[in-house]
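Comments concern the structure below.
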Amino acid sequence: MENTFLLAVFSLITSLLIYILTITSLKIINGRRTRQRAVGFFHPYTNDGGGGERVLWCAVKAIQEESPDLDCVIYTGDHDSSSESLMSRALDRFGVKLLSRPKVVHLYKRKWIEETSYPRFTMIGQSFGSVYLSWEALCKFTPLYYFDTSGYAFTYPVARVFGCKVICYTHYPTISLDMISRVRDRSSMYNNDASIAKSESEAERCFSQKPMPNVSSLTVMITGYGKHGLGDEAIRLFDKLLSDSAGVDVIYSVVVLAHSHSGPVERGREYLSRFCGDIGLMLGYCQVLVDEDLKLGREVHDLLLRLDSVIPEASMCGVDDISDCSPRIHKVLLDITLLFGWLSRCKIFYYTLFSWMYGFVGSCAHLAMVNSSWTQSHIEKLWKIPNRIMRVYPPCDTSGLQVLPLERPAKTPIFISVAQFRPEKAHPLQLEAFSVAIKKLDADMPRPLFQFVGSCRNKFDEDRLQKLQDKAVELKIDGDVQFYKNVMYRDLVKLLGGSVAGMHSMVDEHFGISVVEYMAAGAIPIAHNSAGPKMDIVLEEDGQQTGFLAQNVEEYADAILKVLRMPETERLKMAAAARKRAGRFSEQRFFEDLKAAIRPILNHVSR
């Protein structure tokens, strides 16, 4: 009976799989047979308002100019979009006038690429979700050319199966070698927000108010600093503890900093060697944090064995018991926490596996265009198809901005920040830097104004914008800050035309269209010292500096003050050099380079 049941279940599963494979095969065969002479642009979000959407509309226009006989089809999850509304949006929002209305294919499975659908394993979840979404798209309409402008590389094998030539414009890799390095080094990105920073400073304030910090509070503060990556602060507090405890036989609270998240492993080894050499200066309470450095972990283990042999009566005592122990007792009370970072290792394995998968699917592209030197270097290493990768700088509306006068109103210097309200754009850093700069203003200097201009894609972006407004109130600069949401292109041009400088603070920004727009408009850029701005944009032009690069609040604040204190003749000279360099990234240059890249594929494809 049991065998009969298992056989029935096996037969049912087999029949179901055969049915699924049959339906899948029929859809693929039908799609390949009914391919249309068209270019299908896979861009699920046609309302994000960022640089990626500008690339979309400029690419559509370039295709229309290069091959008028090809239809342009937009795959979008925005159900209120129509051919007319998208054509109007391209013109009103980005100043791009399409030659004809694009066709629209509405997608109803976009939730599968929403980050909210994957609280865990978001990256791989969205990637596999894009496979399902592209399946929906290609089953509804199969073009000769599949053009991905949103970076969904996992859709390329699907398009290949449907017989499409795969073209992509990659703004940044889904995963990079830098990301793997950060996980290995346990450094954080975007997740140490203002509330965490505030809680750390508040904890230190409360701690400093204690008239006589006891060993428990000292231990909590030092350990807390180490666990939250503030290794330098932990060492500073520990050094203070050593100096305040002169003449005491037993130092009662020590942390050996061997926690790779906090960084100063060598300082931990230094302290460890001191303790090994001077048992008389050993500790009442020692918490050892060992994470990535297993060699140091073995050194700690050897020390404990040595201590056990020297002081066999040493008792084991927890944190809660410390206050009951006398500091004059020559014992070593040890609470050892060995954190071997298995979670970090799992994540490294996850990222490494994903990078291999990403490299495989990316290699399915017939032509991969990238937007910067930084992106190109990473994509070449991951996809391993250097002969099919071409660098095409993104379209920046430098022609429309370059006609703006370089002179600015003398009364109120205006700083502007143009970016979507997303966490990686690091808007809070800009607010903090602006606050610091205002506090350092000379008495005779005019008080500047800071304008934030950006778009909100969803409720999360709306909430993020509200938090920025709240932070401005908290920093007491709300009267000096203005926020503009989802502005039209013509209004953005007016705002840029009145700004003396433009702020950018995203780490490893793949390119930085907003930085180029600042420069073209005559606003001096203050950009993050990494990736696109550092490698391609904010470089000298004819030996003249074109802007400033910064990495932290202090450096941004200093750059703001430099702009404010700069003589008008010097500012005009720098702004003119920046404008000249911005000409390298014009829309016309984009059209020329993109057409040159796709022309061989368009001319050699036959049904």
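Just so we're on the same page: first chain in the structure tokens is A, next is B, and so on; residues restart at 1 for each chain, and ligands are numbered from 1 in the order they show up.
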Practice problem: Write out as a PyMOL selection string the residues lying within 6 Å of segment 566-580 of chain A, counting only C-alpha atoms and excluding same-chain residues fewer than 6 positions away. | Solution: chain A and resi 519-520+522+524+541+546
Produce a file of the selected residues containing N, CA and C atoms, as a short mmCIF file (atom, residue, chain, number, x, y, z; two decimals), in the first residue's frame.
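For reference, result-v8.cif as written:
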```
data_model
loop_
_atom_site.label_atom_id
_atom_site.label_comp_id
_atom_site.auth_asym_id
_atom_site.auth_seq_id
_atom_site.Cartn_x
_atom_site.Cartn_y
_atom_site.Cartn_z
N MET A 519 28.49 71.10 -12.61
CA MET A 519 29.61 71.71 -13.31
C MET A 519 29.15 72.45 -14.56
N ALA A 520 28.23 71.84 -15.30
CA ALA A 520 27.73 72.47 -16.51
C ALA A 520 26.97 73.75 -16.20
N GLY A 522 27.62 75.75 -13.80
CA GLY A 522 28.49 76.74 -13.19
C GLY A 522 28.55 76.66 -11.68
N ILE A 524 30.10 74.91 -8.43
CA ILE A 524 31.31 74.15 -8.09
C ILE A 524 30.92 72.86 -7.37
N GLU A 541 41.12 70.44 -15.40
CA GLU A 541 40.90 70.76 -16.81
C GLU A 541 41.88 71.86 -17.19
N THR A 546 38.72 71.85 -10.71
CA THR A 546 37.31 71.96 -11.12
C THR A 546 36.32 71.75 -9.99
#
```
Sorted by chain and rising residue number, which residues of segment 420-515 of chain A lie within 10 Å of segment 82-98 of chain A, and what are their closest atom pairs and distances in Å to one decimal, counting only C-alpha atoms, as JSON lines?
```
{"residue": "A:Asn486", "atom": "CA", "partner": "A:Arg93", "partner_atom": "CA", "distance": 9.1}
{"residue": "A:Val487", "atom": "CA", "partner": "A:Arg93", "partner_atom": "CA", "distance": 8.0}
{"residue": "A:Met488", "atom": "CA", "partner": "A:Arg93", "partner_atom": "CA", "distance": 5.2}
{"residue": "A:Tyr489", "atom": "CA", "partner": "A:Arg93", "partner_atom": "CA", "distance": 4.7}
{"residue": "A:Arg490", "atom": "CA", "partner": "A:Asp92", "partner_atom": "CA", "distance": 7.7}
{"residue": "A:Asp491", "atom": "CA", "partner": "A:Arg93", "partner_atom": "CA", "distance": 9.5}
{"residue": "A:Leu492", "atom": "CA", "partner": "A:Arg93", "partner_atom": "CA", "distance": 9.3}
```
Quiz item: Mind pulling up the distance from atom CA of Asp148 of chain A to atom CA of Ile513 of chain A?
Solution: 19.1 Å
Practice problem: Quote the spacing between atom CA of Val500 of chain A and atom CA of Arg54 of chain A in Å to one decimal place. | Solution: 24.4 Å
Quiz item: What residues in segment 445-562 of chain A get the DSSP label helix (DSSP H, G or I)? Please answer as number ranges by chain.
Solution: A: 459-474, 478-480, 489-497, 513-521, 531-537, 553-562
Quiz item: Can you tell me, as a VMD selection string, what residues are no more than 12 Å from Met123 of chain A when counting only C-alpha atoms, ignoring any on the same chain fewer than 2 positions away?
Solution: chain A and resid 112 to 121 125 to 130 152 154 173 to 175 347 350 to 351 354 to 355 357 to 358
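Each of A:Ile598, A:Ile389, A:Met503, A:Val553 was compared to Gln376 of chain A using only C-alpha atoms, and A:Ile389 turns out to be the nearest.
Pairwise distance (atom CA of Ile74 of chain A, atom CA of Ile601 of chain A) equals 19.8 Å.
Closest approach to Tyr172 of chain A from the set A:Leu561, A:Met369, A:Leu465, A:Ala419 is made by A:Met369, with distances taken over only C-alpha atoms.
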Quiz item: Which is closest to Glu540 of chain A among A:His504, A:Asn603, A:Glu424, A:Ala582, if we use only C-alpha atoms?
Solution: A:Ala582
Quiz item: Which is closest to Lys485 of chain A among A:Ala501, A:Ile167, A:Leu468, A:Cys456, if we use only C-alpha atoms?
Solution: A:Cys456
Practice problem: DSSP on the backbone, then: every residue of segment 411-494 of chain A marked strand (DSSP E or B), written as a list in words. | Solution: Ile414, Phe415, Ile416, Ser417, Val418, Leu449, Phe450, Gln451, Phe452, Val453, Gly454, Val481, Gln482, Phe483, Tyr484 and Lys485 of chain A
